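A quick write-up on the structure given underneath.
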Amino acid sequence: MKCILVATEGAEILFYWTDEEFEESLRLKFSPSENEGEEFPALEDQLSTLLAPLIISSMTMLEKLSDTYTCFSTENGSCLYVLHLFGECLFIAISGDHAEGEGDLRQQLRVLKYLFEVHFGLVTVDGQLIRKELRPPDLEHRVQVWEHFQSLLWTYSRLREQEQCFAVEAVERLIHPQLCELCIEALERHVIQAINSSPARAGEEALHAFLVVHSKLLAFYSSHSASSLRPADLLALILLVQDLYPSESTAEDGNTQPSPRRSWSSQNIPLQPAWSPRSSGPARSSAGTETDSFSLPEEYFTPAPSPGEQSSGSGSTVWLDGCTSSSDASLVQIAEDTLQTLIPGSPAAASPRRVFLDANVKETYCPMMPHTMYCLPLWPGINMVLLTKSPSTPLALVLYQLLDGFSLLEKKLKEGQEAGSSLRSHPLLGDLRQRMDKFVKNRGGQEIQSTWLEFKTKAFSRTDPGSSLELLQACGKVKRQLCAIYRLSFLTTAPGRGGPQLPQDLQDQVQTLMQEKLMDWKDFLLVKSRRNVTMVSYLEDFPGLVHFIYVDRTTGQMVAPSLSSSERTSSELGKGPLAAFVKTKVWSLIRLARRYLQKGYTTLLFQEGDFYCSYFLWFQNEMGYKLQIIEVPVYSDDSAPVGILGGDYYRKLLRYYSKGHPAEAVRCHELLALHLSVIPIDVLVQQAGELARRQWEASRVPLL
């Protein structure tokens with residue numbers, strides 16, 4: 001039983017998401033009596049009635065005491081409430097089944113706020129404008145907005161429970177250097193360069209292009225003029241892709257929403273073991289054994305020759321020839337690793353949408369820069385994402401710098417700095433005045449001119465200077481006008497609302513070219529995404545190792561053996577209770593390691609039943625030498641949780657540690673491991689060090 005809600009200080013609901021159990025509890029609570037004959041209130045009205053006292057009391061305490069509650073449980077612990085105030089919006093999460101704790105709920109609130117920022121950019125700075133976006137007056141439009149974010153929350157919850165990359169919040173790469181090189185070359189020549197050299201691109205400039213197979217990154221390419229993409233933004237984009245085109249296997253694992261039934265395909269399936277220096281031996285061509293997904297009557301397949309020169313297939317790949325069965329000629333050929341059936345063709349492309357991502361413009365950091373995201377599906381489960389910028393992008397940088405300057409000024413006024421000559425002589429205000437005068441002169445607009453004139457009158461008048469309170473109010477009005485210009489420039493004229501975008505034929509062109517390049521690989525990719533890394537290649541050198549997750553927090557990328565326990569897809573552990581048991585252990589270790597890291601612990605080792613669970617966080621330089629560990633900061637329970645979607649923990653941690661090592665580049669790494677308890681602890685620690693070294697050496701091979 002769960003509910004997530006966003007409301008204003010006056011208890012006006014801006015967004016809500018509830019599951020069926022929570023809605024049922026509301027129906028029981030607000031069901032009208034039979035004698036009165038009242039109409040059953042709408043769900044939004046039920047939530048408003050239920051939570052209005054909580055919202056008003058929380059805001060009253062904040063106003064009167066400058067403090068309020070952030071978490072509490074109801075009588076007998078039946079429901080857990082978590083609250084967090086972001087700007088002028090109060091975020092509330094409710095859990096009534098004890099399936100999620102305070103940290104989980106707080107993480108989801110922060111992820112929701114981050115998703116608002118990705119969709120609305122700097123408009124989230126102003127409380128009134130974000131209300132207009134989250135609660136538009138048109139009911140149909142409001143339903144569309146709410147359903148979109150409800151779907152995103154459901155997708156995030158599903159991926160966090162099913163995919164290791166979302167559990168640890170890091171990007172997982174598909175490890176296949178040859179195919180990755182092929183894709184990067186195709187993205188460079190046939191996507192980025194093809195678009196930027198086209199006269200029909202309508203002023204749009206392609207910055208980034210990448211390929212995603214289910215939730216795993218296959219290849220990524222950026223133009224020379226583009227800044228790097230933050231791991232958090234890349235993971236958020238993968239979340240958007242999965243929301244648009246959910247992977248059927250993980251969607252079924254969530255067991256919450258049905259997905260369309262997939263048909264069978266008789267495409268050839270390339271069979272190649274997961275890449276590893278130690279992987280050797282030909283793949284068997286008999287599919288008579290029972291597969292992990294389903295069983296079929298015993299059939300035999302004759303290997304066909306490798307693809308010709310026109311194919312992009314690997315020379316070491318074993319291909320299975322097509323077969324026809326007397327029962328059904330359209331049955332897909334089953335490779336030894338095949339985990340799912342495939343359907344021909346590709347889904348319809350979604351409309352391009354505006355997203356706001358962090359970037360560096362002219363060597364200046366600018367958060368929430370406007371981009372246009374194109375998600376072009378190649379085949380079910382395989383998607384290409386393209387990010388472009390428009391000619392109006394420099395305006396976003398100017399608006400951010402002005403908003404940042406007024407926010408700093410607002411902070412100084414709230415701290416009690418006296419208005420008058422001391423404020424007028426402050427270098428910050430002088431520079432801000434010069435830049436704002438230039439912007440208003442070039443931009444024009446009666447509202448911004450009058451608002452800026454009012455501020456200058458109160459701030460720089462020698463005869464009648466305004467008080468700190470008056471300056472605060474005037475400062476807020478200027479910020480609102482700047483946010484309104486930002487909203488008009490980048491949201492009102494977004495691609496989905498009639499704004500400029502790449503012509504459809506150019507989108508179709510790059511989509512078709514990429515499909516041609518990957519035609520021989522598509523079935524292999526769908527299999528590879530489910531068996532990306534196998535434990536078999538590690539068992540000989542690391543006896544007793546059951547599972548591990550290695551994360552490079554500097555690049556935001558992770559490596560882990562495949563782990564799935566669904567009825568449809570499975571890993572080497574099969575699909576029985578053993579796989580589910582190991583998965584539960586791993587997810588529990590991830591949550592526990594986060595809680596301890598938030599309290600300042602960088603090493604964790606404990607025995608639980610027949611297993612040893614271990615966690616290590618360490619720093620090293622570019623040469624791979626470990627640096628001296630220090631005491632990491634300790635955070636309170638209501639602070640931003642450990643992760644990259646709901647906060648910026650690891651970037652802050654790297655910045656904190658780098659203060660003591662200004663002369664060298666510092667990298668941060670994590671390792672979570674699960675061993676059998678028969679392994680001595682000293683051997684376990686030794687294995688962890690060797691495992692980390694091997695993963696670091698492998699990560700030095702450039703894949704991007």
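Simple scheme: letters A, B, ... for chains in structure tokens order, numbers from 1 for residues in each chain, numbers from 1 for ligands in the order shown.
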- request: Enumerate, as a PyMOL selection string, the complete set of residues in segment 56-121 of chain A that a backbone-based DSSP assignment places in helix (DSSP H, G or I).
  value: chain A and resi 56-65+75-77+102-121
Residues from the last selection, N, CA and C atoms, saved as a compact mmCIF listing (two decimals), in the first residue's frame:
```txt
# COMPACT_ATOMS: atom_id res chain seq x y z
N ILE A 56 -1.00 21.27 6.33
CA ILE A 56 -1.14 22.57 6.99
C ILE A 56 -0.36 22.59 8.31
N SER A 57 -0.42 21.52 9.08
CA SER A 57 0.32 21.49 10.34
C SER A 57 1.82 21.52 10.10
N SER A 58 2.28 20.82 9.07
CA SER A 58 3.71 20.82 8.76
C SER A 58 4.19 22.21 8.38
N MET A 59 3.43 22.91 7.52
CA MET A 59 3.83 24.24 7.10
C MET A 59 3.71 25.26 8.24
N THR A 60 2.73 25.07 9.13
CA THR A 60 2.59 25.96 10.27
C THR A 60 3.77 25.82 11.22
N MET A 61 4.19 24.59 11.48
CA MET A 61 5.36 24.37 12.33
C MET A 61 6.61 24.99 11.71
N LEU A 62 6.73 24.88 10.40
CA LEU A 62 7.90 25.45 9.73
C LEU A 62 7.89 26.97 9.82
N GLU A 63 6.71 27.56 9.74
CA GLU A 63 6.60 29.02 9.82
C GLU A 63 6.82 29.53 11.23
N LYS A 64 6.26 28.83 12.23
CA LYS A 64 6.33 29.31 13.62
C LYS A 64 7.64 28.91 14.30
N LEU A 65 8.13 27.69 14.00
CA LEU A 65 9.29 27.16 14.72
C LEU A 65 10.54 27.03 13.86
N GLU A 75 -0.39 5.26 14.43
CA GLU A 75 -0.64 4.40 15.58
C GLU A 75 -0.45 2.93 15.20
N ASN A 76 0.24 2.21 16.05
CA ASN A 76 0.56 0.79 15.85
C ASN A 76 1.47 0.56 14.65
N GLY A 77 2.09 1.65 14.16
CA GLY A 77 3.03 1.52 13.04
C GLY A 77 2.40 1.05 11.76
N GLU A 102 12.17 4.15 5.51
CA GLU A 102 12.29 5.60 5.36
C GLU A 102 13.25 5.97 4.24
N GLY A 103 14.39 5.29 4.18
CA GLY A 103 15.37 5.60 3.15
C GLY A 103 14.84 5.37 1.75
N ASP A 104 14.09 4.28 1.55
CA ASP A 104 13.52 3.99 0.23
C ASP A 104 12.52 5.06 -0.19
N LEU A 105 11.67 5.46 0.73
CA LEU A 105 10.66 6.48 0.41
C LEU A 105 11.32 7.83 0.15
N ARG A 106 12.33 8.15 0.94
CA ARG A 106 13.00 9.43 0.74
C ARG A 106 13.73 9.45 -0.62
N GLN A 107 14.28 8.29 -0.99
CA GLN A 107 14.94 8.20 -2.28
C GLN A 107 13.95 8.44 -3.43
N GLN A 108 12.76 7.87 -3.32
CA GLN A 108 11.77 8.02 -4.38
C GLN A 108 11.28 9.46 -4.49
N LEU A 109 11.17 10.16 -3.37
CA LEU A 109 10.78 11.57 -3.42
C LEU A 109 11.84 12.40 -4.15
N ARG A 110 13.09 12.11 -3.87
CA ARG A 110 14.16 12.87 -4.52
C ARG A 110 14.29 12.50 -6.00
N VAL A 111 14.03 11.25 -6.34
CA VAL A 111 14.05 10.86 -7.75
C VAL A 111 12.92 11.57 -8.50
N LEU A 112 11.75 11.68 -7.87
CA LEU A 112 10.64 12.39 -8.49
C LEU A 112 10.99 13.85 -8.71
N LYS A 113 11.61 14.48 -7.73
CA LYS A 113 12.04 15.88 -7.90
C LYS A 113 13.04 15.99 -9.05
N TYR A 114 13.96 15.04 -9.14
CA TYR A 114 14.95 15.06 -10.22
C TYR A 114 14.27 14.90 -11.59
N LEU A 115 13.24 14.05 -11.65
CA LEU A 115 12.51 13.89 -12.90
C LEU A 115 11.77 15.16 -13.28
N PHE A 116 11.26 15.89 -12.29
CA PHE A 116 10.65 17.19 -12.57
C PHE A 116 11.69 18.13 -13.19
N GLU A 117 12.91 18.12 -12.65
CA GLU A 117 13.96 19.00 -13.18
C GLU A 117 14.34 18.60 -14.60
N VAL A 118 14.40 17.30 -14.88
CA VAL A 118 14.72 16.84 -16.23
C VAL A 118 13.66 17.29 -17.23
N HIS A 119 12.42 17.37 -16.81
CA HIS A 119 11.33 17.72 -17.71
C HIS A 119 11.04 19.22 -17.77
N PHE A 120 11.30 19.96 -16.68
CA PHE A 120 10.91 21.37 -16.63
C PHE A 120 12.08 22.32 -16.46
N GLY A 121 13.28 21.81 -16.19
CA GLY A 121 14.46 22.66 -16.10
C GLY A 121 14.39 23.67 -14.98
```
message: Env of segment 494-497 of chain A: 7 Å cut, atoms = only C-alpha atoms, seq-sep filter 6 positions within chain, self excluded. Answer as a list in words.
response: Ser351, Pro352, Arg353 and Arg354 of chain A
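Straight-line separation from atom CA of Arg651 of chain A to atom CA of Ala232 of chain A: 10.6 Å.
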Every residue of segment 493-610 of chain A that DSSP places in strand (DSSP E), as a PyMOL selection string: chain A and resi 545-552+557-559+603-608
Restricted to all heavy atoms, what would the selected residues look like written as a compact mmCIF listing (two decimals), in the first residue's frame?
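Dumped everything to result.txt:
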```txt
# COMPACT_ATOMS: atom_id res chain seq x y z
N LEU A 545 33.10 -17.61 -4.73
CA LEU A 545 32.42 -16.37 -5.08
C LEU A 545 31.07 -16.69 -5.70
O LEU A 545 30.98 -17.46 -6.66
CB LEU A 545 33.28 -15.56 -6.06
CG LEU A 545 32.69 -14.23 -6.55
CD1 LEU A 545 32.52 -13.25 -5.39
CD2 LEU A 545 33.58 -13.62 -7.64
N VAL A 546 30.02 -16.11 -5.16
CA VAL A 546 28.67 -16.36 -5.65
C VAL A 546 28.20 -15.24 -6.57
O VAL A 546 27.61 -15.49 -7.62
CB VAL A 546 27.68 -16.52 -4.48
CG1 VAL A 546 26.25 -16.73 -4.98
CG2 VAL A 546 28.11 -17.68 -3.58
N HIS A 547 28.51 -13.99 -6.21
CA HIS A 547 28.08 -12.84 -7.02
C HIS A 547 28.90 -11.63 -6.60
O HIS A 547 29.43 -11.56 -5.49
CB HIS A 547 26.59 -12.56 -6.82
CG HIS A 547 26.03 -11.59 -7.82
ND1 HIS A 547 25.78 -11.93 -9.11
CD2 HIS A 547 25.70 -10.27 -7.70
CE1 HIS A 547 25.29 -10.89 -9.76
NE2 HIS A 547 25.24 -9.86 -8.92
N PHE A 548 29.02 -10.66 -7.52
CA PHE A 548 29.70 -9.41 -7.20
C PHE A 548 29.14 -8.29 -8.07
O PHE A 548 28.56 -8.52 -9.14
CB PHE A 548 31.22 -9.52 -7.41
CG PHE A 548 31.63 -9.54 -8.86
CD1 PHE A 548 31.91 -8.36 -9.54
CD2 PHE A 548 31.73 -10.74 -9.55
CE1 PHE A 548 32.27 -8.38 -10.89
CE2 PHE A 548 32.10 -10.77 -10.89
CZ PHE A 548 32.37 -9.59 -11.56
N ILE A 549 29.30 -7.06 -7.60
CA ILE A 549 28.98 -5.86 -8.36
C ILE A 549 30.14 -4.90 -8.19
O ILE A 549 30.49 -4.52 -7.06
CB ILE A 549 27.68 -5.19 -7.88
CG1 ILE A 549 26.49 -6.14 -8.01
CG2 ILE A 549 27.41 -3.92 -8.67
CD1 ILE A 549 25.19 -5.57 -7.48
N TYR A 550 30.75 -4.52 -9.29
CA TYR A 550 31.88 -3.58 -9.28
C TYR A 550 31.41 -2.27 -9.92
O TYR A 550 30.83 -2.28 -11.01
CB TYR A 550 33.06 -4.16 -10.06
CG TYR A 550 34.20 -3.18 -10.30
CD1 TYR A 550 35.16 -2.95 -9.34
CD2 TYR A 550 34.30 -2.48 -11.51
CE1 TYR A 550 36.21 -2.06 -9.56
CE2 TYR A 550 35.33 -1.58 -11.74
CZ TYR A 550 36.28 -1.38 -10.76
OH TYR A 550 37.31 -0.50 -10.98
N VAL A 551 31.66 -1.15 -9.25
CA VAL A 551 31.19 0.15 -9.72
C VAL A 551 32.35 1.13 -9.75
O VAL A 551 33.05 1.29 -8.75
CB VAL A 551 30.06 0.71 -8.83
CG1 VAL A 551 29.45 1.94 -9.48
CG2 VAL A 551 28.99 -0.33 -8.57
N ASP A 552 32.56 1.75 -10.88
CA ASP A 552 33.50 2.87 -11.01
C ASP A 552 32.68 4.14 -10.84
O ASP A 552 31.96 4.57 -11.75
CB ASP A 552 34.18 2.83 -12.37
CG ASP A 552 35.24 3.92 -12.52
OD1 ASP A 552 35.22 4.88 -11.73
OD2 ASP A 552 36.09 3.82 -13.43
N GLN A 557 29.91 3.82 -14.09
CA GLN A 557 29.63 2.57 -14.78
C GLN A 557 29.87 1.38 -13.87
O GLN A 557 30.68 1.45 -12.93
CB GLN A 557 30.49 2.45 -16.04
CG GLN A 557 30.20 3.53 -17.06
CD GLN A 557 30.98 3.32 -18.35
OE1 GLN A 557 31.51 2.25 -18.60
NE2 GLN A 557 31.04 4.36 -19.17
N MET A 558 29.18 0.27 -14.13
CA MET A 558 29.25 -0.90 -13.28
C MET A 558 29.43 -2.16 -14.12
O MET A 558 29.14 -2.19 -15.32
CB MET A 558 27.97 -1.04 -12.46
CG MET A 558 26.71 -1.19 -13.29
SD MET A 558 25.36 -2.04 -12.46
CE MET A 558 25.94 -3.72 -12.43
N VAL A 559 29.93 -3.22 -13.46
CA VAL A 559 30.05 -4.55 -14.06
C VAL A 559 29.53 -5.54 -13.04
O VAL A 559 29.89 -5.47 -11.85
CB VAL A 559 31.52 -4.88 -14.42
CG1 VAL A 559 31.62 -6.31 -14.94
CG2 VAL A 559 32.05 -3.90 -15.45
N THR A 603 33.81 0.18 4.69
CA THR A 603 34.05 -1.27 4.60
C THR A 603 33.01 -1.97 5.45
O THR A 603 32.72 -1.56 6.58
CB THR A 603 35.46 -1.64 5.08
OG1 THR A 603 36.42 -0.92 4.30
CG2 THR A 603 35.71 -3.14 4.91
N LEU A 604 32.47 -3.05 4.91
CA LEU A 604 31.42 -3.80 5.59
C LEU A 604 31.63 -5.28 5.30
O LEU A 604 31.78 -5.68 4.15
CB LEU A 604 30.05 -3.34 5.09
CG LEU A 604 28.81 -3.93 5.76
CD1 LEU A 604 28.73 -3.51 7.21
CD2 LEU A 604 27.55 -3.48 5.02
N LEU A 605 31.67 -6.10 6.36
CA LEU A 605 31.85 -7.54 6.19
C LEU A 605 31.09 -8.25 7.31
O LEU A 605 31.32 -7.99 8.49
CB LEU A 605 33.34 -7.92 6.25
CG LEU A 605 33.68 -9.41 6.18
CD1 LEU A 605 33.20 -10.02 4.88
CD2 LEU A 605 35.17 -9.63 6.35
N PHE A 606 30.18 -9.12 6.92
CA PHE A 606 29.41 -9.85 7.93
C PHE A 606 28.96 -11.18 7.34
O PHE A 606 28.90 -11.36 6.12
CB PHE A 606 28.20 -9.02 8.39
CG PHE A 606 27.21 -8.71 7.30
CD1 PHE A 606 26.11 -9.54 7.09
CD2 PHE A 606 27.36 -7.60 6.48
CE1 PHE A 606 25.19 -9.26 6.09
CE2 PHE A 606 26.45 -7.31 5.47
CZ PHE A 606 25.36 -8.15 5.28
N GLN A 607 28.64 -12.10 8.24
CA GLN A 607 28.15 -13.41 7.83
C GLN A 607 26.65 -13.47 8.06
O GLN A 607 26.13 -13.06 9.10
CB GLN A 607 28.84 -14.53 8.62
CG GLN A 607 28.39 -15.93 8.21
CD GLN A 607 29.14 -17.03 8.95
OE1 GLN A 607 30.06 -16.75 9.72
NE2 GLN A 607 28.74 -18.27 8.74
N GLU A 608 25.97 -14.00 7.07
CA GLU A 608 24.52 -14.17 7.16
C GLU A 608 24.18 -15.57 6.63
O GLU A 608 24.18 -15.81 5.43
CB GLU A 608 23.80 -13.09 6.36
CG GLU A 608 22.30 -13.06 6.60
CD GLU A 608 21.66 -11.87 5.93
OE1 GLU A 608 21.75 -11.76 4.70
OE2 GLU A 608 21.05 -11.04 6.65
```
message: Give me the residues near Leu387 of chain A as a PyMOL selection string, where near means some atom within 7 Å (using only C-alpha atoms) and where sequence neighbours in that chain fewer than 3 positions away do not count.
response: chain A and resi 206-209+371-374
Let me see the file: selected residues, N, CA, C and O atoms, as a PDB file, in the first residue's frame.
```pdb
ATOM      1  N   ALA A 206      23.233  17.979 -33.547  1.00  0.00           N
ATOM      2  CA  ALA A 206      23.307  16.702 -32.831  1.00  0.00           C
ATOM      3  C   ALA A 206      24.522  16.697 -31.924  1.00  0.00           C
ATOM      4  O   ALA A 206      25.649  16.934 -32.375  1.00  0.00           O
ATOM      5  N   LEU A 207      24.308  16.426 -30.648  1.00  0.00           N
ATOM      6  CA  LEU A 207      25.392  16.414 -29.662  1.00  0.00           C
ATOM      7  C   LEU A 207      25.782  15.003 -29.250  1.00  0.00           C
ATOM      8  O   LEU A 207      26.968  14.665 -29.233  1.00  0.00           O
ATOM      9  N   HIS A 208      24.803  14.191 -28.885  1.00  0.00           N
ATOM     10  CA  HIS A 208      25.064  12.842 -28.379  1.00  0.00           C
ATOM     11  C   HIS A 208      24.149  11.852 -29.096  1.00  0.00           C
ATOM     12  O   HIS A 208      23.007  12.175 -29.446  1.00  0.00           O
ATOM     13  N   ALA A 209      24.652  10.651 -29.259  1.00  0.00           N
ATOM     14  CA  ALA A 209      23.844   9.541 -29.766  1.00  0.00           C
ATOM     15  C   ALA A 209      24.319   8.278 -29.073  1.00  0.00           C
ATOM     16  O   ALA A 209      25.526   8.060 -28.916  1.00  0.00           O
ATOM     17  N   HIS A 371      17.778  20.326 -24.048  1.00  0.00           N
ATOM     18  CA  HIS A 371      18.113  19.422 -25.148  1.00  0.00           C
ATOM     19  C   HIS A 371      16.805  18.875 -25.721  1.00  0.00           C
ATOM     20  O   HIS A 371      15.770  18.890 -25.049  1.00  0.00           O
ATOM     21  N   THR A 372      16.875  18.390 -26.941  1.00  0.00           N
ATOM     22  CA  THR A 372      15.751  17.672 -27.534  1.00  0.00           C
ATOM     23  C   THR A 372      16.125  16.208 -27.640  1.00  0.00           C
ATOM     24  O   THR A 372      17.177  15.870 -28.195  1.00  0.00           O
ATOM     25  N   MET A 373      15.300  15.349 -27.085  1.00  0.00           N
ATOM     26  CA  MET A 373      15.561  13.912 -27.046  1.00  0.00           C
ATOM     27  C   MET A 373      14.699  13.210 -28.099  1.00  0.00           C
ATOM     28  O   MET A 373      13.485  13.356 -28.124  1.00  0.00           O
ATOM     29  N   TYR A 374      15.362  12.449 -28.965  1.00  0.00           N
ATOM     30  CA  TYR A 374      14.686  11.620 -29.956  1.00  0.00           C
ATOM     31  C   TYR A 374      14.960  10.163 -29.604  1.00  0.00           C
ATOM     32  O   TYR A 374      16.123   9.749 -29.551  1.00  0.00           O
TER      33      TYR A 374
END
```
query: Of the residues A:His661, A:Leu85, A:Tyr656, A:Ala350, which is the one nearest to Asp638 of chain A, using only C-alpha atoms?
result: A:Leu85
Report as a CSV table (one decimal) with N, CA, C and O atoms, in the first residue's frame all protein, DNA and RNA residues lying within 12 Å of Val586 of chain A, evaluated on only C-alpha atoms, omitting residues in the same chain fewer than 3 positions from it.
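File written: out-v8.csv
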```csv
chain,number,residue,atom,x,y,z
A,161,GLU,N,13.9,-2.8,-8.7
A,161,GLU,CA,13.7,-4.1,-8.1
A,161,GLU,C,14.2,-5.2,-9.0
A,161,GLU,O,14.5,-6.3,-8.6
A,162,GLN,N,14.4,-4.9,-10.3
A,162,GLN,CA,14.8,-6.0,-11.3
A,162,GLN,C,16.1,-5.8,-11.9
A,162,GLN,O,16.8,-6.8,-12.3
A,163,GLU,N,16.6,-4.6,-12.1
A,163,GLU,CA,17.9,-4.4,-12.7
A,163,GLU,C,19.0,-3.9,-11.7
A,163,GLU,O,18.7,-3.0,-11.0
A,164,GLN,N,20.1,-4.6,-11.8
A,164,GLN,CA,21.2,-4.2,-10.9
A,164,GLN,C,21.7,-2.8,-11.1
A,164,GLN,O,22.1,-2.1,-10.2
A,167,ALA,N,19.5,-0.6,-9.2
A,167,ALA,CA,19.7,-0.8,-7.8
A,167,ALA,C,20.9,-0.1,-7.2
A,167,ALA,O,20.8,0.5,-6.1
A,168,VAL,N,22.0,-0.1,-7.9
A,168,VAL,CA,23.2,0.6,-7.4
A,168,VAL,C,23.3,2.0,-8.1
A,168,VAL,O,24.2,2.8,-7.7
A,546,VAL,N,30.0,-16.1,-5.2
A,546,VAL,CA,28.7,-16.4,-5.7
A,546,VAL,C,28.2,-15.2,-6.6
A,546,VAL,O,27.6,-15.5,-7.6
A,547,HIS,N,28.5,-14.0,-6.2
A,547,HIS,CA,28.1,-12.8,-7.0
A,547,HIS,C,28.9,-11.6,-6.6
A,547,HIS,O,29.4,-11.6,-5.5
A,548,PHE,N,29.0,-10.7,-7.5
A,548,PHE,CA,29.7,-9.4,-7.2
A,548,PHE,C,29.1,-8.3,-8.1
A,548,PHE,O,28.6,-8.5,-9.1
A,549,ILE,N,29.3,-7.1,-7.6
A,549,ILE,CA,29.0,-5.9,-8.4
A,549,ILE,C,30.1,-4.9,-8.2
A,549,ILE,O,30.5,-4.5,-7.1
A,560,ALA,N,28.7,-6.5,-13.5
A,560,ALA,CA,28.1,-7.5,-12.6
A,560,ALA,C,27.7,-8.7,-13.4
A,560,ALA,O,27.2,-8.5,-14.5
A,561,PRO,N,27.8,-9.9,-12.9
A,561,PRO,CA,27.2,-11.0,-13.6
A,561,PRO,C,25.7,-10.9,-13.7
A,561,PRO,O,25.1,-10.3,-12.8
A,563,LEU,N,21.9,-11.5,-13.3
A,563,LEU,CA,21.2,-12.0,-12.2
A,563,LEU,C,19.7,-11.8,-12.4
A,563,LEU,O,19.2,-10.7,-12.3
A,564,SER,N,19.0,-12.9,-12.7
A,564,SER,CA,17.5,-12.8,-12.9
A,564,SER,C,16.9,-14.1,-12.4
A,564,SER,O,17.5,-15.2,-12.6
A,579,ALA,N,18.0,-18.9,-7.2
A,579,ALA,CA,18.2,-17.6,-7.9
A,579,ALA,C,17.5,-16.5,-7.2
A,579,ALA,O,18.1,-15.4,-7.0
A,580,ALA,N,16.3,-16.7,-6.8
A,580,ALA,CA,15.5,-15.7,-6.0
A,580,ALA,C,16.2,-15.4,-4.7
A,580,ALA,O,16.2,-14.2,-4.2
A,581,PHE,N,16.7,-16.4,-4.0
A,581,PHE,CA,17.3,-16.3,-2.7
A,581,PHE,C,18.6,-15.4,-2.9
A,581,PHE,O,18.8,-14.5,-2.1
A,582,VAL,N,19.4,-15.7,-3.9
A,582,VAL,CA,20.7,-14.9,-4.1
A,582,VAL,C,20.4,-13.5,-4.4
A,582,VAL,O,21.0,-12.6,-3.9
A,583,LYS,N,19.4,-13.3,-5.3
A,583,LYS,CA,19.0,-11.9,-5.6
A,583,LYS,C,18.5,-11.2,-4.4
A,583,LYS,O,18.9,-10.0,-4.3
A,589,LEU,N,22.1,-6.5,0.5
A,589,LEU,CA,23.4,-6.0,0.7
A,589,LEU,C,23.6,-4.6,0.2
A,589,LEU,O,24.2,-3.7,0.8
A,590,ILE,N,23.0,-4.3,-0.9
A,590,ILE,CA,23.0,-2.9,-1.5
A,590,ILE,C,22.4,-1.9,-0.6
A,590,ILE,O,23.0,-0.8,-0.3
A,591,ARG,N,21.2,-2.2,-0.1
A,591,ARG,CA,20.5,-1.3,0.8
A,591,ARG,C,21.3,-1.1,2.1
A,591,ARG,O,21.5,0.1,2.6
A,592,LEU,N,21.9,-2.2,2.7
A,592,LEU,CA,22.6,-2.1,3.9
A,592,LEU,C,23.9,-1.3,3.7
A,592,LEU,O,24.3,-0.5,4.6
A,593,ALA,N,24.6,-1.5,2.6
A,593,ALA,CA,25.9,-0.8,2.3
A,593,ALA,C,25.6,0.7,2.2
A,593,ALA,O,26.4,1.5,2.7
A,608,GLU,N,26.0,-14.0,7.1
A,608,GLU,CA,24.5,-14.2,7.2
A,608,GLU,C,24.2,-15.6,6.6
A,608,GLU,O,24.2,-15.8,5.4
A,611,PHE,N,26.5,-17.5,3.9
A,611,PHE,CA,27.1,-16.5,3.0
A,611,PHE,C,27.9,-15.5,3.8
A,611,PHE,O,27.5,-15.1,4.9
A,612,TYR,N,29.0,-15.0,3.2
A,612,TYR,CA,29.7,-13.8,3.7
A,612,TYR,C,29.3,-12.7,2.7
A,612,TYR,O,29.4,-12.8,1.5
A,613,CYS,N,28.8,-11.5,3.3
A,613,CYS,CA,28.5,-10.4,2.5
A,613,CYS,C,29.5,-9.3,2.8
A,613,CYS,O,29.9,-9.0,4.0
A,614,SER,N,30.1,-8.7,1.8
A,614,SER,CA,31.1,-7.7,1.9
A,614,SER,C,30.9,-6.5,1.0
A,614,SER,O,30.3,-6.6,-0.1
A,615,TYR,N,31.4,-5.4,1.5
A,615,TYR,CA,31.3,-4.1,0.7
A,615,TYR,C,32.6,-3.3,1.0
A,615,TYR,O,33.0,-3.2,2.1
A,671,LEU,N,32.9,-2.1,-4.5
A,671,LEU,CA,32.8,-3.6,-4.8
A,671,LEU,C,31.9,-4.2,-3.7
A,671,LEU,O,32.1,-4.0,-2.5
A,672,LEU,N,30.8,-4.8,-4.2
A,672,LEU,CA,29.9,-5.6,-3.3
A,672,LEU,C,30.1,-7.1,-3.7
A,672,LEU,O,30.1,-7.4,-4.9
A,673,ALA,N,30.3,-8.0,-2.8
A,673,ALA,CA,30.5,-9.4,-3.1
A,673,ALA,C,29.8,-10.3,-2.1
A,673,ALA,O,29.5,-9.9,-1.0
A,674,LEU,N,29.4,-11.4,-2.7
A,674,LEU,CA,28.7,-12.5,-1.9
A,674,LEU,C,29.5,-13.8,-2.1
A,674,LEU,O,29.8,-14.2,-3.2
A,675,HIS,N,30.0,-14.3,-0.9
A,675,HIS,CA,30.9,-15.5,-0.9
A,675,HIS,C,30.2,-16.6,-0.1
A,675,HIS,O,29.4,-16.3,0.8
```
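For Ile644 of chain A, the non-local neighbours within 10 Å, defined as residues at least 6 positions apart in the same chain or in other chains and counting only C-alpha atoms, are Val111, Val168, Glu169, Ala170, Arg230, Pro231, Ala232, Asp233, Leu235, Ala236, Arg553, Gly556, Tyr650 and Arg651 of chain A.
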Given only C-alpha atoms as the counted atoms, nearest of A:Val143, A:Leu134, A:Leu122, A:Leu676 to Phe542 of chain A: A:Leu676
task: Identify, on the basis of only C-alpha atoms, every residue whose closest approach to Leu429 of chain A does not exceed 10 Å; exclude the query and any residue fewer than 6 positions from it along the same chain; express the result as a ChimeraX atom specification.
output: /A:405-406,408-409,423,435,459-460
